[in-house]
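Text of input17.pdb, listed as PDB, C-alpha atoms and all ligand atoms:
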```pdb
MODEL        1
ATOM      1  CA  MET A   1       4.907  16.857 -14.871  1.00  0.00           C
ATOM      2  CA  MET A   2       3.965  14.808 -11.804  1.00  0.00           C
ATOM      3  CA  GLU A   3       5.958  11.592 -11.350  1.00  0.00           C
ATOM      4  CA  ARG A   4       3.961   8.912  -9.532  1.00  0.00           C
ATOM      5  CA  LEU A   5       4.942   5.282  -9.015  1.00  0.00           C
ATOM      6  CA  ASN A   6       2.871   2.143  -8.504  1.00  0.00           C
ATOM      7  CA  ILE A   7       5.285  -0.252  -6.809  1.00  0.00           C
ATOM      8  CA  GLY A   8       4.425  -3.942  -7.224  1.00  0.00           C
ATOM      9  CA  ALA A   9       1.802  -3.381  -9.891  1.00  0.00           C
ATOM     10  CA  SER A  10       1.249  -7.105 -10.507  1.00  0.00           C
ATOM     11  CA  GLN A  11      -1.586  -7.808 -12.989  1.00  0.00           C
ATOM     12  CA  THR A  12      -2.980  -4.321 -12.482  1.00  0.00           C
ATOM     13  CA  ARG A  13      -1.843  -0.899 -13.597  1.00  0.00           C
ATOM     14  CA  LEU A  14      -2.594   2.659 -12.622  1.00  0.00           C
ATOM     15  CA  GLU A  15      -3.095   5.207 -15.381  1.00  0.00           C
ATOM     16  CA  GLY A  16      -0.813   8.228 -14.921  1.00  0.00           C
ATOM     17  CA  PHE A  17       1.613   6.213 -12.795  1.00  0.00           C
ATOM     18  CA  THR A  18       4.822   4.402 -13.726  1.00  0.00           C
ATOM     19  CA  ASN A  19       3.908   0.788 -12.958  1.00  0.00           C
ATOM     20  CA  ILE A  20       6.846  -1.162 -11.526  1.00  0.00           C
ATOM     21  CA  ASP A  21       7.110  -4.895 -10.870  1.00  0.00           C
ATOM     22  CA  VAL A  22       9.475  -7.808 -11.358  1.00  0.00           C
ATOM     23  CA  ALA A  23       6.941  -9.024 -13.969  1.00  0.00           C
ATOM     24  CA  PRO A  24       8.091  -8.415 -17.560  1.00  0.00           C
ATOM     25  CA  TRP A  25       4.907  -6.609 -18.672  1.00  0.00           C
ATOM     26  CA  ALA A  26       5.362  -3.757 -16.158  1.00  0.00           C
ATOM     27  CA  ASP A  27       6.368  -0.275 -17.424  1.00  0.00           C
ATOM     28  CA  ILE A  28       9.630  -0.858 -15.545  1.00  0.00           C
ATOM     29  CA  SER A  29      10.623  -4.406 -14.686  1.00  0.00           C
ATOM     30  CA  LEU A  30      13.087  -4.734 -11.797  1.00  0.00           C
ATOM     31  CA  ASP A  31      13.753  -6.514  -8.521  1.00  0.00           C
ATOM     32  CA  LEU A  32      12.742  -4.164  -5.727  1.00  0.00           C
ATOM     33  CA  GLY A  33      14.998  -5.987  -3.292  1.00  0.00           C
ATOM     34  CA  THR A  34      18.234  -5.410  -5.232  1.00  0.00           C
ATOM     35  CA  ASP A  35      17.749  -2.881  -8.061  1.00  0.00           C
ATOM     36  CA  PRO A  36      17.769   0.858  -7.440  1.00  0.00           C
ATOM     37  CA  LEU A  37      14.686   2.680  -8.705  1.00  0.00           C
ATOM     38  CA  PRO A  38      15.709   4.464 -11.944  1.00  0.00           C
ATOM     39  CA  PHE A  39      14.673   7.914 -10.679  1.00  0.00           C
ATOM     40  CA  ALA A  40      16.724  10.801  -9.314  1.00  0.00           C
ATOM     41  CA  ASP A  41      16.767  11.695  -5.614  1.00  0.00           C
ATOM     42  CA  ASP A  42      13.800  13.881  -4.562  1.00  0.00           C
ATOM     43  CA  SER A  43      12.055  13.574  -7.931  1.00  0.00           C
ATOM     44  CA  VAL A  44       8.851  11.597  -7.245  1.00  0.00           C
ATOM     45  CA  ASP A  45       5.528  13.140  -6.137  1.00  0.00           C
ATOM     46  CA  CYS A  46       3.731  10.012  -4.904  1.00  0.00           C
ATOM     47  CA  VAL A  47       4.371   6.292  -4.407  1.00  0.00           C
ATOM     48  CA  PHE A  48       1.476   3.848  -4.144  1.00  0.00           C
ATOM     49  CA  SER A  49       2.137   0.215  -3.230  1.00  0.00           C
ATOM     50  CA  TYR A  50      -0.507  -2.417  -2.509  1.00  0.00           C
ATOM     51  CA  HIS A  51       0.434  -5.772  -0.969  1.00  0.00           C
ATOM     52  CA  THR A  52       3.971  -5.993  -2.304  1.00  0.00           C
ATOM     53  CA  LEU A  53       6.581  -5.086   0.350  1.00  0.00           C
ATOM     54  CA  GLU A  54       5.803  -8.278   2.273  1.00  0.00           C
ATOM     55  CA  HIS A  55       7.179 -10.218  -0.740  1.00  0.00           C
ATOM     56  CA  VAL A  56      10.528  -8.431  -1.076  1.00  0.00           C
ATOM     57  CA  PRO A  57      13.411 -10.226   0.707  1.00  0.00           C
ATOM     58  CA  ASP A  58      15.409  -7.038   1.433  1.00  0.00           C
ATOM     59  CA  TYR A  59      12.423  -4.906   2.268  1.00  0.00           C
ATOM     60  CA  LEU A  60      14.643  -2.228   3.883  1.00  0.00           C
ATOM     61  CA  PHE A  61      16.465  -1.770   0.567  1.00  0.00           C
ATOM     62  CA  ALA A  62      13.151  -1.228  -1.263  1.00  0.00           C
ATOM     63  CA  LEU A  63      11.926   1.168   1.434  1.00  0.00           C
ATOM     64  CA  GLY A  64      15.219   3.066   1.267  1.00  0.00           C
ATOM     65  CA  GLU A  65      14.830   3.475  -2.488  1.00  0.00           C
ATOM     66  CA  ILE A  66      11.231   4.673  -2.151  1.00  0.00           C
ATOM     67  CA  HIS A  67      12.381   7.198   0.452  1.00  0.00           C
ATOM     68  CA  ARG A  68      15.332   8.321  -1.701  1.00  0.00           C
ATOM     69  CA  VAL A  69      13.236   9.139  -4.790  1.00  0.00           C
ATOM     70  CA  LEU A  70      10.328  10.821  -2.969  1.00  0.00           C
ATOM     71  CA  LYS A  71      10.290  14.578  -2.525  1.00  0.00           C
ATOM     72  CA  HIS A  72      10.166  16.010   0.991  1.00  0.00           C
ATOM     73  CA  GLY A  73       6.561  15.734   2.216  1.00  0.00           C
ATOM     74  CA  ALA A  74       5.471  13.520  -0.701  1.00  0.00           C
ATOM     75  CA  PRO A  75       3.132  10.637   0.160  1.00  0.00           C
ATOM     76  CA  PHE A  76       3.902   6.940   0.320  1.00  0.00           C
ATOM     77  CA  LEU A  77       0.505   5.200   0.303  1.00  0.00           C
ATOM     78  CA  VAL A  78       0.941   1.568   1.227  1.00  0.00           C
ATOM     79  CA  GLY A  79      -1.383  -1.357   1.896  1.00  0.00           C
ATOM     80  CA  LEU A  80      -0.170  -4.574   3.557  1.00  0.00           C
ATOM     81  CA  PRO A  81      -1.561  -7.756   5.130  1.00  0.00           C
ATOM     82  CA  TYR A  82      -1.937  -7.572   8.928  1.00  0.00           C
ATOM     83  CA  VAL A  83       0.489  -9.588  11.046  1.00  0.00           C
ATOM     84  CA  THR A  84      -2.066 -11.889  12.682  1.00  0.00           C
ATOM     85  CA  LEU A  85      -3.937 -12.977   9.561  1.00  0.00           C
ATOM     86  CA  THR A  86      -3.343 -16.727   9.571  1.00  0.00           C
ATOM     87  CA  GLU A  87      -5.011 -18.141   6.469  1.00  0.00           C
ATOM     88  CA  VAL A  88      -3.367 -16.214   3.642  1.00  0.00           C
ATOM     89  CA  HIS A  89      -0.531 -14.389   5.350  1.00  0.00           C
ATOM     90  CA  LEU A  90       1.292 -16.107   8.219  1.00  0.00           C
ATOM     91  CA  VAL A  91       1.455 -19.484   6.454  1.00  0.00           C
ATOM     92  CA  ASN A  92       2.215 -18.010   3.027  1.00  0.00           C
ATOM     93  CA  PRO A  93       5.856 -18.825   2.156  1.00  0.00           C
ATOM     94  CA  TYR A  94       5.900 -15.844  -0.234  1.00  0.00           C
ATOM     95  CA  HIS A  95       5.090 -13.404   2.591  1.00  0.00           C
ATOM     96  CA  LEU A  96       8.433 -12.665   4.221  1.00  0.00           C
ATOM     97  CA  HIS A  97       7.562  -9.734   6.524  1.00  0.00           C
ATOM     98  CA  ASN A  98       4.889  -8.852   9.062  1.00  0.00           C
ATOM     99  CA  PHE A  99       3.182  -5.520   9.563  1.00  0.00           C
ATOM    100  CA  ASN A 100       0.975  -3.876  12.160  1.00  0.00           C
ATOM    101  CA  GLU A 101       0.157  -0.335  13.271  1.00  0.00           C
ATOM    102  CA  HIS A 102       3.684   0.098  14.699  1.00  0.00           C
ATOM    103  CA  SER A 103       5.644  -1.077  11.651  1.00  0.00           C
ATOM    104  CA  PHE A 104       6.482   2.391  10.378  1.00  0.00           C
ATOM    105  CA  ASP A 105       7.158   3.852  13.835  1.00  0.00           C
ATOM    106  CA  PHE A 106      10.670   2.472  13.336  1.00  0.00           C
ATOM    107  CA  PHE A 107      11.139   5.094  10.612  1.00  0.00           C
ATOM    108  CA  GLU A 108       9.713   8.038  12.554  1.00  0.00           C
ATOM    109  CA  LYS A 109      12.181  10.044  14.600  1.00  0.00           C
ATOM    110  CA  GLY A 110      11.289  10.268  18.262  1.00  0.00           C
ATOM    111  CA  LYS A 111       8.779   7.403  18.213  1.00  0.00           C
ATOM    112  CA  LEU A 112      11.137   4.476  18.718  1.00  0.00           C
ATOM    113  CA  ARG A 113      14.767   4.501  19.700  1.00  0.00           C
ATOM    114  CA  ASN A 114      17.293   2.730  17.465  1.00  0.00           C
ATOM    115  CA  SER A 115      15.007   3.293  14.524  1.00  0.00           C
ATOM    116  CA  ALA A 116      16.017   3.362  10.860  1.00  0.00           C
ATOM    117  CA  SER A 117      16.517   7.121  11.079  1.00  0.00           C
ATOM    118  CA  GLU A 118      19.517   6.315  13.283  1.00  0.00           C
ATOM    119  CA  ASP A 119      20.800   3.404  11.153  1.00  0.00           C
ATOM    120  CA  VAL A 120      24.381   4.344  10.398  1.00  0.00           C
ATOM    121  CA  MET A 121      24.884   1.379   8.053  1.00  0.00           C
ATOM    122  CA  ARG A 122      22.344   2.649   5.531  1.00  0.00           C
ATOM    123  CA  ARG A 123      21.132   5.938   4.149  1.00  0.00           C
ATOM    124  CA  PRO A 124      18.656   7.176   6.814  1.00  0.00           C
ATOM    125  CA  ILE A 125      15.009   6.393   6.104  1.00  0.00           C
ATOM    126  CA  GLU A 126      12.453   8.701   7.683  1.00  0.00           C
ATOM    127  CA  PHE A 127       8.694   8.797   7.220  1.00  0.00           C
ATOM    128  CA  LYS A 128       5.953  10.471   9.210  1.00  0.00           C
ATOM    129  CA  LYS A 129       2.684   8.603   9.515  1.00  0.00           C
ATOM    130  CA  ALA A 130      -0.406  10.601   8.561  1.00  0.00           C
ATOM    131  CA  PHE A 131      -2.896   7.757   9.068  1.00  0.00           C
ATOM    132  CA  HIS A 132      -3.399   4.048   9.295  1.00  0.00           C
ATOM    133  CA  ARG A 133      -6.637   2.182   8.672  1.00  0.00           C
ATOM    134  CA  PHE A 134      -7.568  -1.309   9.840  1.00  0.00           C
ATOM    135  CA  HIS A 135      -9.778  -3.636   7.820  1.00  0.00           C
ATOM    136  CA  TYR A 136     -11.548  -5.584  10.569  1.00  0.00           C
ATOM    137  CA  MET A 137     -12.892  -9.102  10.093  1.00  0.00           C
ATOM    138  CA  GLY A 138     -16.286 -10.498  11.162  1.00  0.00           C
ATOM    139  CA  VAL A 139     -17.472  -9.630  14.681  1.00  0.00           C
ATOM    140  CA  ALA A 140     -14.412  -7.433  15.276  1.00  0.00           C
ATOM    141  CA  ASN A 141     -16.216  -4.876  13.128  1.00  0.00           C
ATOM    142  CA  VAL A 142     -18.832  -4.279  15.823  1.00  0.00           C
ATOM    143  CA  LEU A 143     -16.597  -4.257  18.916  1.00  0.00           C
ATOM    144  CA  PRO A 144     -16.152  -0.966  20.773  1.00  0.00           C
ATOM    145  CA  GLU A 145     -12.782   0.722  20.234  1.00  0.00           C
ATOM    146  CA  ARG A 146     -11.226  -0.699  23.452  1.00  0.00           C
ATOM    147  CA  GLY A 147     -12.382  -4.193  22.526  1.00  0.00           C
ATOM    148  CA  LYS A 148     -10.885  -3.825  19.070  1.00  0.00           C
ATOM    149  CA  ARG A 149      -7.564  -2.785  20.568  1.00  0.00           C
ATOM    150  CA  TRP A 150      -7.559  -5.720  22.973  1.00  0.00           C
ATOM    151  CA  ALA A 151      -8.481  -8.145  20.185  1.00  0.00           C
ATOM    152  CA  ARG A 152      -5.741  -6.781  17.888  1.00  0.00           C
ATOM    153  CA  ARG A 153      -3.166  -7.371  20.616  1.00  0.00           C
ATOM    154  CA  HIS A 154      -4.279 -10.810  21.763  1.00  0.00           C
ATOM    155  CA  LEU A 155      -6.137 -12.675  19.002  1.00  0.00           C
ATOM    156  CA  PHE A 156      -5.567 -13.914  15.464  1.00  0.00           C
ATOM    157  CA  ASN A 157      -7.720 -12.989  12.451  1.00  0.00           C
ATOM    158  CA  VAL A 158      -9.099  -9.739  13.833  1.00  0.00           C
ATOM    159  CA  VAL A 159      -7.699  -7.495  11.098  1.00  0.00           C
ATOM    160  CA  ARG A 160      -7.226  -8.676   7.504  1.00  0.00           C
ATOM    161  CA  LYS A 161      -5.089  -5.813   6.214  1.00  0.00           C
ATOM    162  CA  ILE A 162      -3.863  -2.357   7.060  1.00  0.00           C
ATOM    163  CA  ASP A 163      -3.426   0.789   4.952  1.00  0.00           C
ATOM    164  CA  TYR A 164      -1.009   3.567   5.777  1.00  0.00           C
ATOM    165  CA  GLY A 165      -0.499   7.105   4.594  1.00  0.00           C
ATOM    166  CA  LEU A 166       3.119   8.107   5.169  1.00  0.00           C
ATOM    167  CA  VAL A 167       4.992  11.208   4.088  1.00  0.00           C
ATOM    168  CA  ALA A 168       8.703  11.272   3.305  1.00  0.00           C
ATOM    169  CA  VAL A 169      10.880  13.346   5.603  1.00  0.00           C
ATOM    170  CA  LYS A 170      14.017  14.365   3.680  1.00  0.00           C
ATOM    171  CA  HIS A 171      15.381  17.181   5.803  1.00  0.00           C
ATOM    172  CA  ASP A 172      14.874  18.893   9.144  1.00  0.00           C
ATOM    173  CA  GLY A 173      12.008  21.289   9.521  1.00  0.00           C
ATOM    174  CA  PRO A 174       8.260  20.912   9.324  1.00  0.00           C
ATOM    175  CA  VAL A 175       6.546  18.496   6.993  1.00  0.00           C
ATOM    176  CA  GLU A 176       2.975  19.384   6.153  1.00  0.00           C
ATOM    177  CA  PHE A 177       0.206  16.999   5.141  1.00  0.00           C
ATOM    178  CA  ASP A 178      -3.551  16.629   5.098  1.00  0.00           C
ATOM    179  CA  ALA A 179      -4.395  13.176   6.490  1.00  0.00           C
ATOM    180  CA  ASP A 180      -7.941  13.200   5.060  1.00  0.00           C
ATOM    181  CA  ALA A 181      -6.655  14.095   1.601  1.00  0.00           C
ATOM    182  CA  LEU A 182      -4.136  11.252   1.808  1.00  0.00           C
ATOM    183  CA  ARG A 183      -6.872   8.794   2.837  1.00  0.00           C
ATOM    184  CA  ALA A 184      -8.894   9.922  -0.169  1.00  0.00           C
ATOM    185  CA  GLU A 185      -5.856   9.565  -2.426  1.00  0.00           C
ATOM    186  CA  PHE A 186      -5.290   6.006  -1.201  1.00  0.00           C
ATOM    187  CA  LEU A 187      -8.910   5.101  -1.976  1.00  0.00           C
ATOM    188  CA  ALA A 188      -8.703   6.773  -5.381  1.00  0.00           C
ATOM    189  CA  CYS A 189      -5.619   4.675  -6.230  1.00  0.00           C
ATOM    190  CA  MET A 190      -7.396   1.503  -5.110  1.00  0.00           C
ATOM    191  CA  ALA A 191     -10.424   2.283  -7.254  1.00  0.00           C
ATOM    192  CA  ALA A 192      -8.318   3.193 -10.307  1.00  0.00           C
ATOM    193  CA  ARG A 193      -6.374  -0.109 -10.492  1.00  0.00           C
ATOM    194  CA  GLU A 194      -7.223  -1.816 -13.752  1.00  0.00           C
ATOM    195  CA  PRO A 195      -6.107  -5.144 -15.222  1.00  0.00           C
ATOM    196  CA  TYR A 196      -3.592  -5.112 -18.060  1.00  0.00           C
ATOM    197  CA  ARG A 197      -5.894  -7.380 -20.053  1.00  0.00           C
ATOM    198  CA  LYS A 198      -9.509  -6.437 -19.489  1.00  0.00           C
ATOM    199  CA  LYS A 199     -12.030  -9.275 -19.716  1.00  0.00           C
ATOM    200  CA  PRO A 200     -15.100  -8.437 -21.815  1.00  0.00           C
ATOM    201  CA  ALA A 201     -18.039  -7.709 -19.498  1.00  0.00           C
ATOM    202  CA  SER A 202     -20.539 -10.570 -19.462  1.00  0.00           C
ATOM    203  CA  PRO A 203     -24.263  -9.767 -19.120  1.00  0.00           C
ATOM    204  CA  PRO A 204     -25.781 -10.696 -15.721  1.00  0.00           C
ATOM    205  CA  PRO A 205     -27.897 -13.878 -15.557  1.00  0.00           C
ATOM    206  CA  PRO A 206     -31.601 -12.951 -15.913  1.00  0.00           C
ATOM    207  CA  ASN A 207     -32.691 -13.871 -12.359  1.00  0.00           C
ATOM    208  CA  ASP A 208     -29.686 -12.531 -10.457  1.00  0.00           C
ATOM    209  CA  TRP A 209     -31.324  -9.900  -8.205  1.00  0.00           C
ATOM    210  CA  ARG A 210     -27.942  -8.622  -7.060  1.00  0.00           C
ATOM    211  CA  ALA A 211     -26.883  -7.878 -10.614  1.00  0.00           C
ATOM    212  CA  LYS A 212     -30.262  -6.213 -11.238  1.00  0.00           C
ATOM    213  CA  LYS A 213     -29.852  -4.070  -8.118  1.00  0.00           C
ATOM    214  CA  ARG A 214     -26.341  -3.105  -9.230  1.00  0.00           C
ATOM    215  CA  GLN A 215     -27.635  -2.304 -12.714  1.00  0.00           C
ATOM    216  CA  PHE A 216     -30.432  -0.196 -11.249  1.00  0.00           C
ATOM    217  CA  ARG A 217     -28.047   1.750  -9.005  1.00  0.00           C
ATOM    218  CA  THR A 218     -25.652   2.312 -11.905  1.00  0.00           C
ATOM    219  CA  TRP A 219     -28.523   3.603 -13.969  1.00  0.00           C
ATOM    220  CA  TRP A 220     -29.918   5.692 -11.076  1.00  0.00           C
ATOM    221  CA  ALA A 221     -26.502   7.280 -10.497  1.00  0.00           C
ATOM    222  CA  GLY A 222     -26.073   7.982 -14.200  1.00  0.00           C
ATOM    223  CA  LYS A 223     -22.979   5.824 -14.446  1.00  0.00           C
ATOM    224  CA  GLU A 224     -23.998   3.640 -17.369  1.00  0.00           C
ATOM    225  CA  ASP A 225     -21.378   3.154 -20.101  1.00  0.00           C
TER     226      ASP A 225
HETATM  227  C1  LIG B   1       0.118  -9.394  -4.383  1.00  0.00           C
HETATM  228  S1  LIG B   1       0.906  -8.788  -5.789  1.00  0.00           S
HETATM  229  C2  LIG B   1       0.551  -7.069  -5.790  1.00  0.00           C
HETATM  230  C3  LIG B   1      -0.874  -6.702  -6.074  1.00  0.00           C
HETATM  231  C4  LIG B   1      -1.050  -5.388  -6.811  1.00  0.00           C
HETATM  232  N1  LIG B   1      -0.260  -4.320  -6.228  1.00  0.00           N
HETATM  233  C5  LIG B   1      -2.498  -4.962  -6.922  1.00  0.00           C
HETATM  234  O1  LIG B   1      -2.796  -3.796  -6.676  1.00  0.00           O
HETATM  235  O2  LIG B   1      -3.343  -5.800  -7.268  1.00  0.00           O
HETATM  236  C6  LIG B   1       2.608  -8.786  -5.347  1.00  0.00           C
HETATM  237  C7  LIG B   1       3.479  -8.322  -6.496  1.00  0.00           C
HETATM  238  O3  LIG B   1       4.790  -8.119  -5.997  1.00  0.00           O
HETATM  239  C8  LIG B   1       5.688  -8.444  -7.028  1.00  0.00           C
HETATM  240  N2  LIG B   1       6.998  -8.716  -6.438  1.00  0.00           N
HETATM  241  C9  LIG B   1       7.302  -9.666  -5.516  1.00  0.00           C
HETATM  242  N3  LIG B   1       8.606  -9.627  -5.225  1.00  0.00           N
HETATM  243  C10 LIG B   1       9.137  -8.628  -5.970  1.00  0.00           C
HETATM  244  C11 LIG B   1      10.447  -8.105  -6.123  1.00  0.00           C
HETATM  245  N4  LIG B   1      11.474  -8.593  -5.417  1.00  0.00           N
HETATM  246  N5  LIG B   1      10.624  -7.089  -7.000  1.00  0.00           N
HETATM  247  C12 LIG B   1       9.593  -6.592  -7.723  1.00  0.00           C
HETATM  248  N6  LIG B   1       8.332  -7.036  -7.600  1.00  0.00           N
HETATM  249  C13 LIG B   1       8.108  -8.053  -6.759  1.00  0.00           C
HETATM  250  C14 LIG B   1       5.076  -9.683  -7.680  1.00  0.00           C
HETATM  251  O4  LIG B   1       5.539  -9.852  -9.012  1.00  0.00           O
HETATM  252  C15 LIG B   1       3.594  -9.340  -7.621  1.00  0.00           C
HETATM  253  O5  LIG B   1       3.189  -8.778  -8.820  1.00  0.00           O
ENDMDL
END
```

Target format structure tokens, applied to this file:
Amino acid sequence: MMERLNIGASQTRLEGFTNIDVAPWADISLDLGTDPLPFADDSVDCVFSYHTLEHVPDYLFALGEIHRVLKHGAPFLVGLPYVTLTEVHLVNPYHLHNFNEHSFDFFEKGKLRNSASEDVMRRPIEFKKAFHRFHYMGVANVLPERGKRWARRHLFNVVRKIDYGLVAVKHDGPVEFDADALRAEFLACMAAREPYRKKPASPPPPNDWRAKKRQFRTWWAGKED
């Protein structure tokens, strides 16, 4: 049987995953910053984590545990706020770490010297990045690629959040992955998140054209309940 983990499940859960959070209603309730994950080494097929690692004081401990339990080549799909988002990230006292497109280069051998793969104080952590995806804000969406890169480096509030597809490297030798499949898997996880307590659906107000359009498209696509 596949073992898949949703790390930092919060109010949402993923069917078919073990949902982990410090919250008491999670399938497994623990502190990611201090408690080992209750899974054997090399036993997990996929870890998904959306906007959680930035909250964990000892984020390297949590990352080390995720790496320990993953099988060689298994994906770690992770979404995080982008470093230069001011309104809900940089000033948020619960967000303890910053992330950008280079954050996981520190765990990829050969990319950056003195990286975690060379950290003699801890069990080595090594991931290979398959993809990252920026969620641009406002006019940044329509800038050409060079303009986007310049804006990311020099301005605030250009990117809201960033998704990564990483694969665990557990031993020497090749690690194979399909970046497009991992992107699709990330999106599938995002779409499958459901609240623990579902609210009953309320009917749309009669003159809400957006709701009518949505209803029509649902009907047209044959997706009605
Ligand atoms: C922004 S929410 C995650 C959102 C959720 N993943 C989703 O898909 O909607 C952050 C979560 O991290 C959890 N969290 C924060 N610090 C933690 C820790 N040290 N150990 C375990 N969970 C923690 C919080 O309880 C919270 O549920």

Separation of CA of His95 in chain A from atom O5 of ligand LIG 1 (chain B) in Å: 12.5 Å

Within 8 Å of ligand LIG 1 (chain B), which residues of chain A come that close, and what is the closest atom pair and distance in Å for each? Count all atoms listed in the file and give it as CSV.
```
residue,atom,partner,partner_atom,distance
A:Asn6,CA,B:LIG1,N1,7.5
A:Ile7,CA,B:LIG1,N1,6.9
A:Gly8,CA,B:LIG1,O3,4.4
A:Ala9,CA,B:LIG1,N1,4.3
A:Ser10,CA,B:LIG1,O5,3.1
A:Gln11,CA,B:LIG1,O2,6.3
A:Thr12,CA,B:LIG1,O2,5.4
A:Arg13,CA,B:LIG1,O1,7.6
A:Ile20,CA,B:LIG1,C12,7.2
A:Asp21,CA,B:LIG1,N6,4.1
A:Val22,CA,B:LIG1,C12,3.8
A:Ala23,CA,B:LIG1,O4,5.2
A:Ser29,CA,B:LIG1,C12,7.4
A:Leu30,CA,B:LIG1,C12,5.7
A:Asp31,CA,B:LIG1,N5,3.5
A:Leu32,CA,B:LIG1,N5,3.8
A:Gly33,CA,B:LIG1,N4,4.9
A:Thr34,CA,B:LIG1,N4,7.5
A:Ser49,CA,B:LIG1,N1,5.9
A:Tyr50,CA,B:LIG1,N1,4.2
A:His51,CA,B:LIG1,C1,5.0
A:Thr52,CA,B:LIG1,O3,4.3
A:Leu53,CA,B:LIG1,O3,7.3
A:His55,CA,B:LIG1,N3,4.7
A:Val56,CA,B:LIG1,N4,4.4
A:Pro57,CA,B:LIG1,N4,6.6
A:Met190,CA,B:LIG1,O1,7.2
A:Arg193,CA,B:LIG1,O1,6.4
```

Can you work out the spacing between CA of Pro195 in chain A and CA of Leu14 in chain A in Å, to one decimal?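 Here the two named atoms are 8.9 Å from each other.
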
A:Phe39, A:Thr18, A:Ala130, A:Pro144: which is nearest Asp178 in chain A, counting all atoms listed in the file?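 Closest to Asp178 in chain A, using all atoms listed in the file: A:Ala130.
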
Residue among A:Lys71, A:Ala184, A:Ile162, A:Asp41 lying closest to Asn98 in chain A, counting only C-alpha atoms: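 Residue with the minimum atom-to-atom distance to Asn98 in chain A: A:Ile162.
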
Can you tell me which residues surround His89 in chain A at a distance of at most 12 Å, considering only C-alpha atoms, apart from same-chain residues fewer than 3 positions away, and format the answer as a PyMOL selection string? chain A and resi 51+54-55+80-86+92-99+156-157+159-161

Identify all residues satisfying the PyMOL selection byres (((chain A and resi 186) around 12) and not hetatm) in the given file; provide them as a VMD selection string. chain A and resid 6 46 to 50 75 to 79 130 to 133 162 to 166 179 to 185 187 to 193

What is the CA of Gly73 in chain A to CA of Pro174 in chain A distance in Å? 9.0 Å

Report as a list in words the full result of the PyMOL selection byres (((chain A and resi 3) around 10) and not hetatm) when it is applied to this structure.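 Written out, the selection comes to Met1, Met2, Arg4, Leu5, Gly16, Phe17, Thr18, Phe39, Ser43, Val44, Asp45, Cys46, Val47 and Leu70 of chain A.
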
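The closest residue to Asp172 in chain A, picked from A:Lys212, A:His67, A:Arg122, A:Lys109 and counting only C-alpha atoms, is A:Lys109.
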
Under the rule of at most 12 Å, produce a per-residue listing of range 165-194 of chain A near range 115-119 of chain A: chain, number, name, the closest pair of atoms, and the distance in Å, as CSV, using all atoms listed in the file.
```
residue,atom,partner,partner_atom,distance
A:Ala168,CA,A:Ser117,CA,11.8
A:Val169,CA,A:Ser117,CA,10.0
A:Lys170,CA,A:Ser117,CA,10.7
A:His171,CA,A:Ser117,CA,11.4
```

Limit the output to C-alpha atoms and give range 96-122 of chain A as a PDB file, in the first residue's frame.
```pdb
ATOM      1  CA  LEU A  96       9.617  32.215  10.874  1.00  0.00           C
ATOM      2  CA  HIS A  97      11.383  31.382   7.582  1.00  0.00           C
ATOM      3  CA  ASN A  98      11.697  32.864   4.108  1.00  0.00           C
ATOM      4  CA  PHE A  99      11.699  31.036   0.803  1.00  0.00           C
ATOM      5  CA  ASN A 100      12.527  31.799  -2.809  1.00  0.00           C
ATOM      6  CA  GLU A 101      13.595  29.843  -5.887  1.00  0.00           C
ATOM      7  CA  HIS A 102      17.017  29.129  -4.322  1.00  0.00           C
ATOM      8  CA  SER A 103      15.805  27.837  -0.950  1.00  0.00           C
ATOM      9  CA  PHE A 104      16.192  24.164  -1.788  1.00  0.00           C
ATOM     10  CA  ASP A 105      19.474  24.607  -3.679  1.00  0.00           C
ATOM     11  CA  PHE A 106      21.078  24.319  -0.239  1.00  0.00           C
ATOM     12  CA  PHE A 107      19.982  20.671  -0.210  1.00  0.00           C
ATOM     13  CA  GLU A 108      21.129  19.815  -3.734  1.00  0.00           C
ATOM     14  CA  LYS A 109      24.665  18.518  -4.073  1.00  0.00           C
ATOM     15  CA  GLY A 110      26.805  20.543  -6.434  1.00  0.00           C
ATOM     16  CA  LYS A 111      24.505  23.580  -6.515  1.00  0.00           C
ATOM     17  CA  LEU A 112      25.748  25.408  -3.434  1.00  0.00           C
ATOM     18  CA  ARG A 113      28.821  24.750  -1.368  1.00  0.00           C
ATOM     19  CA  ASN A 114      28.434  24.175   2.379  1.00  0.00           C
ATOM     20  CA  SER A 115      24.936  22.916   1.771  1.00  0.00           C
ATOM     21  CA  ALA A 116      22.937  20.620   4.047  1.00  0.00           C
ATOM     22  CA  SER A 117      24.257  17.606   2.151  1.00  0.00           C
ATOM     23  CA  GLU A 118      27.627  18.444   3.716  1.00  0.00           C
ATOM     24  CA  ASP A 119      26.258  19.221   7.206  1.00  0.00           C
ATOM     25  CA  VAL A 120      28.237  16.945   9.482  1.00  0.00           C
ATOM     26  CA  MET A 121      26.193  17.900  12.558  1.00  0.00           C
ATOM     27  CA  ARG A 122      22.994  16.381  11.186  1.00  0.00           C
TER      28      ARG A 122
END
```
